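K.L.:
Input file: data.cif. Contents: mmCIF, C-alpha atoms, pLDDT in the B column; chains and numbers go by the auth columns.
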data_run
#
loop_
_atom_site.group_PDB
_atom_site.id
_atom_site.type_symbol
_atom_site.label_atom_id
_atom_site.label_comp_id
_atom_site.label_asym_id
_atom_site.label_seq_id
_atom_site.Cartn_x
_atom_site.Cartn_y
_atom_site.Cartn_z
_atom_site.B_iso_or_equiv
_atom_site.auth_seq_id
_atom_site.auth_asym_id
ATOM 1 C CA MET A 1 106.923 104.724 119.960 80.00 177 A
ATOM 2 C CA LYS A 2 106.046 106.298 116.613 97.00 178 A
ATOM 3 C CA SER A 3 106.378 103.344 114.260 98.00 179 A
ATOM 4 C CA VAL A 4 106.488 99.551 114.047 98.00 180 A
ATOM 5 C CA LEU A 5 107.644 96.976 111.504 98.00 181 A
ATOM 6 C CA ILE A 6 105.151 94.241 110.703 98.00 182 A
ATOM 7 C CA THR A 7 107.297 91.296 109.675 98.00 183 A
ATOM 8 C CA ALA A 8 106.611 87.595 109.346 98.00 184 A
ATOM 9 C CA THR A 9 107.838 84.027 109.284 97.00 185 A
ATOM 10 C CA ASP A 10 107.174 83.687 105.563 95.00 186 A
ATOM 11 C CA THR A 11 105.320 85.186 102.642 94.00 187 A
ATOM 12 C CA GLY A 12 101.546 85.030 102.556 93.00 188 A
ATOM 13 C CA VAL A 13 100.999 84.630 106.304 96.00 189 A
ATOM 14 C CA GLY A 14 98.934 87.793 106.746 97.00 190 A
ATOM 15 C CA LYS A 15 101.173 90.836 107.283 98.00 191 A
ATOM 16 C CA THR A 16 98.898 93.044 105.202 98.00 192 A
ATOM 17 C CA PHE A 17 95.787 91.710 106.949 98.00 193 A
ATOM 18 C CA ILE A 18 97.266 92.488 110.368 98.00 194 A
ATOM 19 C CA SER A 19 98.555 95.875 109.180 98.00 195 A
ATOM 20 C CA TYR A 20 95.069 96.673 107.858 98.00 196 A
ATOM 21 C CA ASN A 21 93.412 95.937 111.190 98.00 197 A
ATOM 22 C CA ILE A 22 95.978 97.938 113.162 98.00 198 A
ATOM 23 C CA VAL A 23 95.676 100.926 110.840 98.00 199 A
ATOM 24 C CA LEU A 24 91.870 100.715 110.818 98.00 200 A
ATOM 25 C CA THR A 25 91.711 100.657 114.619 98.00 201 A
ATOM 26 C CA LEU A 26 94.083 103.601 115.027 98.00 202 A
ATOM 27 C CA LYS A 27 92.125 105.550 112.411 98.00 203 A
ATOM 28 C CA GLU A 28 88.889 104.861 114.295 97.00 204 A
ATOM 29 C CA ARG A 29 90.513 106.276 117.430 97.00 205 A
ATOM 30 C CA GLY A 30 91.372 109.512 115.706 97.00 206 A
ATOM 31 C CA ILE A 31 95.089 108.788 115.377 98.00 207 A
ATOM 32 C CA ARG A 32 96.749 110.306 112.339 98.00 208 A
ATOM 33 C CA VAL A 33 98.209 107.029 111.083 98.00 209 A
ATOM 34 C CA GLY A 34 100.304 106.394 107.991 98.00 210 A
ATOM 35 C CA TYR A 35 101.287 103.237 106.162 98.00 211 A
ATOM 36 C CA PHE A 36 104.643 102.565 104.541 98.00 212 A
ATOM 37 C CA LYS A 37 105.666 99.547 102.478 98.00 213 A
ATOM 38 C CA PRO A 38 109.197 100.449 101.371 98.00 214 A
ATOM 39 C CA VAL A 39 109.240 97.837 98.599 98.00 215 A
ATOM 40 C CA GLU A 40 106.285 95.973 97.123 98.00 216 A
ATOM 41 C CA THR A 41 106.762 93.187 94.601 97.00 217 A
ATOM 42 C CA ASP A 42 104.314 91.342 92.349 97.00 218 A
ATOM 43 C CA VAL A 43 102.994 94.711 91.155 97.00 219 A
ATOM 44 C CA LYS A 44 101.477 94.402 87.686 94.00 220 A
ATOM 45 C CA TYR A 45 99.506 97.658 87.643 93.00 221 A
ATOM 46 C CA LEU A 46 98.929 99.098 91.118 96.00 222 A
ATOM 47 C CA PRO A 47 100.454 97.749 94.369 97.00 223 A
ATOM 48 C CA ALA A 48 97.732 95.594 95.938 97.00 224 A
ATOM 49 C CA ASP A 49 98.902 95.902 99.549 98.00 225 A
ATOM 50 C CA GLY A 50 99.534 99.615 99.279 98.00 226 A
ATOM 51 C CA SER A 51 96.206 100.261 97.557 98.00 227 A
ATOM 52 C CA LEU A 52 94.319 98.414 100.300 98.00 228 A
ATOM 53 C CA LEU A 53 95.969 100.320 103.140 98.00 229 A
ATOM 54 C CA CYS A 54 95.808 103.674 101.375 98.00 230 A
ATOM 55 C CA SER A 55 92.051 103.179 101.068 97.00 231 A
ATOM 56 C CA ILE A 56 91.989 103.662 104.855 97.00 232 A
ATOM 57 C CA THR A 57 94.746 106.221 105.379 98.00 233 A
ATOM 58 C CA GLY A 58 93.939 108.348 102.350 97.00 234 A
ATOM 59 C CA GLN A 59 97.598 108.432 101.349 98.00 235 A
ATOM 60 C CA ASP A 60 98.938 108.749 97.849 97.00 236 A
ATOM 61 C CA LEU A 61 100.368 105.457 96.586 98.00 237 A
ATOM 62 C CA GLU A 62 103.656 107.107 95.672 97.00 238 A
ATOM 63 C CA GLU A 63 104.072 108.088 99.306 98.00 239 A
ATOM 64 C CA ALA A 64 103.117 104.703 100.745 98.00 240 A
ATOM 65 C CA VAL A 65 104.905 102.420 98.261 98.00 241 A
ATOM 66 C CA PRO A 66 107.853 104.220 96.665 98.00 242 A
ATOM 67 C CA VAL A 67 109.653 101.150 95.246 98.00 243 A
ATOM 68 C CA ARG A 68 107.887 98.479 93.181 98.00 244 A
ATOM 69 C CA TYR A 69 108.795 95.397 91.184 98.00 245 A
ATOM 70 C CA SER A 70 106.539 93.417 88.879 97.00 246 A
ATOM 71 C CA LEU A 71 107.732 89.886 89.650 97.00 247 A
ATOM 72 C CA PRO A 72 106.579 87.974 92.786 96.00 248 A
ATOM 73 C CA LEU A 73 110.067 87.804 94.282 97.00 249 A
ATOM 74 C CA SER A 74 112.100 89.277 97.108 97.00 250 A
ATOM 75 C CA PRO A 75 113.099 92.928 96.632 98.00 251 A
ATOM 76 C CA TYR A 76 116.729 91.963 95.952 98.00 252 A
ATOM 77 C CA ALA A 77 115.637 89.359 93.409 98.00 253 A
ATOM 78 C CA GLY A 78 113.537 92.088 91.807 97.00 254 A
ATOM 79 C CA ILE A 79 116.682 94.189 91.417 98.00 255 A
ATOM 80 C CA LEU A 80 118.548 91.280 89.827 98.00 256 A
ATOM 81 C CA GLU A 81 115.718 90.285 87.494 98.00 257 A
ATOM 82 C CA GLU A 82 114.378 93.683 86.487 97.00 258 A
ATOM 83 C CA GLY A 83 117.607 95.646 86.490 95.00 259 A
ATOM 84 C CA LYS A 84 116.393 98.671 88.424 94.00 260 A
ATOM 85 C CA ASP A 85 118.019 99.614 91.705 97.00 261 A
ATOM 86 C CA PHE A 86 117.105 102.069 94.472 97.00 262 A
ATOM 87 C CA SER A 87 118.889 103.939 97.235 98.00 263 A
ATOM 88 C CA LEU A 88 118.648 102.753 100.845 98.00 264 A
ATOM 89 C CA GLU A 89 119.568 106.256 101.956 98.00 265 A
ATOM 90 C CA ALA A 90 116.695 107.776 99.976 98.00 266 A
ATOM 91 C CA LEU A 91 114.343 105.152 101.382 98.00 267 A
ATOM 92 C CA LYS A 92 115.321 106.062 104.940 98.00 268 A
ATOM 93 C CA GLU A 93 114.929 109.779 104.205 98.00 269 A
ATOM 94 C CA HIS A 94 111.431 109.047 102.936 98.00 270 A
ATOM 95 C CA TYR A 95 110.690 107.116 106.137 98.00 271 A
ATOM 96 C CA LEU A 96 111.904 109.976 108.328 98.00 272 A
ATOM 97 C CA LYS A 97 109.686 112.450 106.475 98.00 273 A
ATOM 98 C CA LEU A 98 106.683 110.184 107.031 98.00 274 A
ATOM 99 C CA LEU A 99 107.496 110.022 110.738 97.00 275 A
ATOM 100 C CA GLU A 100 107.166 113.797 110.896 97.00 276 A
ATOM 101 C CA ARG A 101 103.880 113.731 108.971 97.00 277 A
ATOM 102 C CA TYR A 102 101.996 111.127 111.011 98.00 278 A
ATOM 103 C CA ASP A 103 101.319 110.398 114.675 98.00 279 A
ATOM 104 C CA PHE A 104 102.080 106.738 114.052 98.00 280 A
ATOM 105 C CA LEU A 105 103.501 104.825 111.101 98.00 281 A
ATOM 106 C CA VAL A 106 102.907 101.156 110.274 98.00 282 A
ATOM 107 C CA VAL A 107 105.799 99.802 108.194 98.00 283 A
ATOM 108 C CA GLU A 108 105.207 96.505 106.398 98.00 284 A
ATOM 109 C CA GLY A 109 107.957 94.235 105.173 98.00 285 A
ATOM 110 C CA ALA A 110 107.940 91.834 102.230 96.00 286 A
ATOM 111 C CA GLY A 111 108.093 88.140 103.093 94.00 287 A
ATOM 112 C CA GLY A 112 110.010 87.218 106.239 96.00 288 A
ATOM 113 C CA ILE A 113 112.496 89.118 108.357 97.00 289 A
ATOM 114 C CA ALA A 114 115.567 87.628 106.644 98.00 290 A
ATOM 115 C CA VAL A 115 114.323 88.391 103.120 98.00 291 A
ATOM 116 C CA PRO A 116 116.970 90.460 101.320 98.00 292 A
ATOM 117 C CA ILE A 117 116.025 93.987 100.328 98.00 293 A
ATOM 118 C CA LYS A 118 119.378 94.474 98.632 98.00 294 A
ATOM 119 C CA LYS A 119 122.600 92.484 98.577 97.00 295 A
ATOM 120 C CA ASP A 120 123.743 91.881 102.173 97.00 296 A
ATOM 121 C CA TYR A 121 120.828 93.914 103.559 98.00 297 A
ATOM 122 C CA ASN A 122 117.574 92.411 104.835 98.00 298 A
ATOM 123 C CA TYR A 123 114.547 93.455 106.899 98.00 299 A
ATOM 124 C CA ALA A 124 116.368 92.837 110.164 98.00 300 A
ATOM 125 C CA ASP A 125 119.024 95.291 108.985 98.00 301 A
ATOM 126 C CA LEU A 126 116.316 97.787 108.091 98.00 302 A
ATOM 127 C CA ALA A 127 114.638 97.437 111.500 98.00 303 A
ATOM 128 C CA LYS A 128 117.997 97.916 113.198 98.00 304 A
ATOM 129 C CA ASP A 129 118.969 100.933 111.093 98.00 305 A
ATOM 130 C CA TRP A 130 115.600 102.631 111.440 98.00 306 A
ATOM 131 C CA GLY A 131 115.151 101.835 115.141 98.00 307 A
ATOM 132 C CA LEU A 132 111.977 99.829 114.552 98.00 308 A
ATOM 133 C CA ASP A 133 110.441 97.449 117.062 98.00 309 A
ATOM 134 C CA ILE A 134 108.810 94.489 115.355 98.00 310 A
ATOM 135 C CA ILE A 135 105.654 92.406 115.411 98.00 311 A
ATOM 136 C CA ILE A 136 106.040 88.890 114.027 98.00 312 A
ATOM 137 C CA VAL A 137 103.109 87.419 112.088 98.00 313 A
ATOM 138 C CA SER A 138 103.053 83.634 111.753 98.00 314 A
ATOM 139 C CA ARG A 139 100.674 80.907 110.638 97.00 315 A
ATOM 140 C CA ALA A 140 98.414 79.073 113.056 97.00 316 A
ATOM 141 C CA SER A 141 98.778 75.672 111.404 96.00 317 A
ATOM 142 C CA LEU A 142 101.265 72.817 111.279 96.00 318 A
ATOM 143 C CA GLY A 143 104.862 73.889 110.686 96.00 319 A
ATOM 144 C CA THR A 144 104.543 77.212 112.454 98.00 320 A
ATOM 145 C CA ILE A 145 106.559 76.220 115.541 98.00 321 A
ATOM 146 C CA ASN A 146 109.796 75.898 113.607 98.00 322 A
ATOM 147 C CA HIS A 147 109.200 78.993 111.469 98.00 323 A
ATOM 148 C CA THR A 148 108.115 81.135 114.413 98.00 324 A
ATOM 149 C CA TYR A 149 110.936 80.097 116.710 98.00 325 A
ATOM 150 C CA LEU A 150 113.604 80.574 114.031 98.00 326 A
ATOM 151 C CA THR A 151 112.257 84.054 113.248 98.00 327 A
ATOM 152 C CA TYR A 152 112.151 84.928 116.950 98.00 328 A
ATOM 153 C CA PHE A 153 115.663 83.553 117.534 98.00 329 A
ATOM 154 C CA TYR A 154 117.106 85.431 114.560 98.00 330 A
ATOM 155 C CA ALA A 155 115.444 88.694 115.607 98.00 331 A
ATOM 156 C CA ILE A 156 116.682 88.409 119.187 98.00 332 A
ATOM 157 C CA ASN A 157 120.193 87.645 118.005 98.00 333 A
ATOM 158 C CA ARG A 158 120.105 90.711 115.779 98.00 334 A
ATOM 159 C CA GLY A 159 119.245 92.799 118.838 98.00 335 A
ATOM 160 C CA LEU A 160 115.671 93.618 117.772 98.00 336 A
ATOM 161 C CA ASN A 161 112.847 94.293 120.195 98.00 337 A
ATOM 162 C CA ILE A 162 109.867 92.009 119.590 98.00 338 A
ATOM 163 C CA LEU A 163 106.585 93.589 120.670 98.00 339 A
ATOM 164 C CA GLY A 164 104.502 90.502 120.017 98.00 340 A
ATOM 165 C CA ILE A 165 103.818 87.372 118.009 98.00 341 A
ATOM 166 C CA VAL A 166 100.558 87.193 116.086 98.00 342 A
ATOM 167 C CA MET A 167 99.456 83.729 114.958 98.00 343 A
ATOM 168 C CA ASN A 168 97.049 84.141 112.077 98.00 344 A
ATOM 169 C CA GLY A 169 94.342 81.934 110.580 97.00 345 A
ATOM 170 C CA PHE A 170 92.970 79.697 113.336 97.00 346 A
ATOM 171 C CA GLU A 171 90.195 77.498 111.925 96.00 347 A
ATOM 172 C CA GLY A 172 90.015 74.612 114.388 93.00 348 A
ATOM 173 C CA LYS A 173 90.550 72.035 111.642 91.00 349 A
ATOM 174 C CA ASP A 174 94.240 71.355 112.241 93.00 350 A
ATOM 175 C CA VAL A 175 94.879 69.506 115.509 96.00 351 A
ATOM 176 C CA SER A 176 98.231 71.309 115.841 97.00 352 A
ATOM 177 C CA GLU A 177 96.373 74.601 116.359 97.00 353 A
ATOM 178 C CA ARG A 178 95.561 73.509 119.911 97.00 354 A
ATOM 179 C CA THR A 179 99.180 73.171 120.964 98.00 355 A
ATOM 180 C CA ASN A 180 101.061 75.531 118.627 98.00 356 A
ATOM 181 C CA PRO A 181 100.420 78.686 120.723 98.00 357 A
ATOM 182 C CA ILE A 182 101.340 76.871 123.930 98.00 358 A
ATOM 183 C CA ILE A 183 104.642 75.627 122.558 98.00 359 A
ATOM 184 C CA VAL A 184 105.509 78.945 120.883 98.00 360 A
ATOM 185 C CA GLU A 185 104.978 80.692 124.206 98.00 361 A
ATOM 186 C CA GLU A 186 107.175 78.147 126.004 98.00 362 A
ATOM 187 C CA LEU A 187 109.949 78.635 123.433 98.00 363 A
ATOM 188 C CA THR A 188 109.822 82.423 123.250 98.00 364 A
ATOM 189 C CA SER A 189 108.233 83.548 126.556 98.00 365 A
ATOM 190 C CA ILE A 190 105.828 85.588 124.416 98.00 366 A
ATOM 191 C CA LYS A 191 102.115 84.770 124.574 98.00 367 A
ATOM 192 C CA PRO A 192 100.885 84.876 120.973 98.00 368 A
ATOM 193 C CA ILE A 193 97.744 86.703 119.948 98.00 369 A
ATOM 194 C CA LYS A 194 95.503 84.166 118.227 98.00 370 A
ATOM 195 C CA ILE A 195 93.746 85.461 115.127 98.00 371 A
ATOM 196 C CA PRO A 196 90.803 83.466 113.736 97.00 372 A
ATOM 197 C CA LYS A 197 90.269 83.013 110.030 96.00 373 A
ATOM 198 C CA VAL A 198 87.489 85.425 109.070 96.00 374 A
ATOM 199 C CA ASP A 199 85.423 86.257 106.036 93.00 375 A
ATOM 200 C CA GLY A 200 86.423 89.688 104.857 94.00 376 A
ATOM 201 C CA LEU A 201 89.091 91.951 106.257 97.00 377 A
ATOM 202 C CA VAL A 202 87.898 93.266 109.605 98.00 378 A
ATOM 203 C CA LEU A 203 88.557 91.460 112.872 98.00 379 A
ATOM 204 C CA ASP A 204 86.391 91.631 115.974 97.00 380 A
ATOM 205 C CA ARG A 205 86.990 94.789 118.009 97.00 381 A
ATOM 206 C CA SER A 206 88.290 92.827 121.008 97.00 382 A
ATOM 207 C CA ILE A 207 91.033 91.255 118.895 98.00 383 A
ATOM 208 C CA ARG A 208 91.879 94.577 117.304 98.00 384 A
ATOM 209 C CA ARG A 209 92.241 96.054 120.784 97.00 385 A
ATOM 210 C CA GLU A 210 94.802 93.338 121.546 98.00 386 A
ATOM 211 C CA LEU A 211 96.731 94.157 118.390 98.00 387 A
ATOM 212 C CA VAL A 212 96.985 97.898 119.028 98.00 388 A
ATOM 213 C CA SER A 213 97.879 97.277 122.679 98.00 389 A
ATOM 214 C CA LEU A 214 101.161 95.827 121.367 98.00 390 A
ATOM 215 C CA ILE A 215 102.113 99.291 120.130 98.00 391 A
ATOM 216 C CA GLY A 216 100.918 101.127 123.211 97.00 392 A
ATOM 217 C CA PHE A 217 97.401 102.208 122.191 97.00 393 A
#
Go ahead and express the file in the form of structure tokens.

P.N.:
Amino acid sequence: MKSVLITATDTGVGKTFISYNIVLTLKERGIRVGYFKPVETDVKYLPADGSLLCSITGQDLEEAVPVRYSLPLSPYAGILEEGKDFSLEALKEHYLKLLERYDFLVVEGAGGIAVPIKKDYNYADLAKDWGLDIIIVSRASLGTINHTYLTYFYAINRGLNILGIVMNGFEGKDVSERTNPIIVEELTSIKPIKIPKVDGLVLDRSIRRELVSLIGF
């Protein structure tokens, strides 16, 4: 395995946070790791997600985030609203070049797995076309069972290989947090990795070890 797609059940659930901790851990282990966010939206000046990850990898932002839109929308909505298109073929060529450049590549989606990148083409299509296994990031709190199971079910039905489910933001305040991981595991046969809510960006080393074990490190 040379790359993975970090996808999610929704927007704002912590894909970048999880990507950051995976990249940081691989970097600490001496792995030549790269980050790739094919399309980043809500970019007013510099891409926030790309800038954060490039601060670890040392990459140029143009390499890590080649396509950007200013509005906080899906990539396809960005095309419709802002009137600038991009080539899926060129995006894949860029991805393949990055695969040659790095020992491992963390690819981060935008929003959830069914979010459209272009008309009739979403992140499940991208994962399928690029041969990417996926990690699903979901919330810890109430409502996550439905979102997580639907994402899992859609991915499986699209023929994608799910490496793991990461439930992010456990605080112990929501009573559903006690049973959500149990029920998600019963529904999917995948034991979720439970990620606590933390101050700052860096998780405990033991949790980071769990995360990188999903990708074989």

K.L.:
Show me, as a list in words, the residues that have an atom within 6 Å of segment 307-322 of chain A when counting only C-alpha atoms, minus same-chain residues fewer than 5 positions from it.

P.N.:
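Once the adjacent positions are removed, what remains is Val180, Leu181, Ile182, Thr183, Ala184, Thr185, Val189, Asn337, Ile338, Leu339, Gly340, Ile341, Val342, Met343, Asn344, Gly345, Phe346, Ser352 and Glu353 of chain A.
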
K.L.:
Please indicate the distance in Å from atom CA of Tyr196 of chain A to atom CA of Ile293 of chain A, rounded to one decimal place.

P.N.:
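Taking atom CA of Tyr196 of chain A and atom CA of Ile293 of chain A, their separation equals 22.4 Å.
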
K.L.:
Do you know which residues are at most 9 Å from segment 268-271 of chain A counting all atoms listed in the file, after dropping those on the same chain fewer than 2 positions away, and could you put them as an MDAnalysis selection string?

P.N.:
chainID A and resid 212 214 239 242 263:266 273:276 302 305:306

K.L.:
Rounded to one decimal place, report the atom CA of Asp350 of chain A-atom CA of Phe329 of chain A distance in Å.

P.N.:
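That distance, rounded to one decimal, is 25.2 Å.
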
K.L.:
Please compute the atom CA of Ile371 of chain A-atom CA of Glu347 of chain A distance, one decimal, in Å.

P.N.:
9.3 Å

K.L.:
Have a look at A:Ala331, A:Leu202, A:Ser382, A:Leu387 and name the one nearest to Ile369 of chain A; count all atoms listed in the file.

P.N.:
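Using all atoms listed in the file, the shortest distance to Ile369 of chain A belongs to A:Leu387.
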
K.L.:
Identify which of the residues A:Phe280, A:Phe262, A:Tyr330, A:Tyr297 lies closest to Ile198 of chain A, counting all atoms listed in the file when measuring atom-to-atom distances.

P.N.:
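The closest residue to Ile198 of chain A is A:Phe280.
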
K.L.:
Could you check which residues have any atom within 12 Å of (110.6, 78.7, 122.5), counting all atoms listed in the file with coordinates taken straight from the file, and then list them as a compact mmCIF listing (two decimals) with C-alpha atoms, in the frame of the given file?

P.N.:
# COMPACT_ATOMS: atom_id res chain seq x y z
CA THR A 320 104.54 77.21 112.45
CA ILE A 321 106.56 76.22 115.54
CA ASN A 322 109.80 75.90 113.61
CA HIS A 323 109.20 78.99 111.47
CA THR A 324 108.12 81.14 114.41
CA TYR A 325 110.94 80.10 116.71
CA LEU A 326 113.60 80.57 114.03
CA THR A 327 112.26 84.05 113.25
CA TYR A 328 112.15 84.93 116.95
CA PHE A 329 115.66 83.55 117.53
CA ILE A 332 116.68 88.41 119.19
CA ILE A 341 103.82 87.37 118.01
CA ASN A 356 101.06 75.53 118.63
CA PRO A 357 100.42 78.69 120.72
CA ILE A 358 101.34 76.87 123.93
CA ILE A 359 104.64 75.63 122.56
CA VAL A 360 105.51 78.94 120.88
CA GLU A 361 104.98 80.69 124.21
CA GLU A 362 107.18 78.15 126.00
CA LEU A 363 109.95 78.64 123.43
CA THR A 364 109.82 82.42 123.25
CA SER A 365 108.23 83.55 126.56
CA ILE A 366 105.83 85.59 124.42
CA LYS A 367 102.12 84.77 124.57
CA PRO A 368 100.88 84.88 120.97
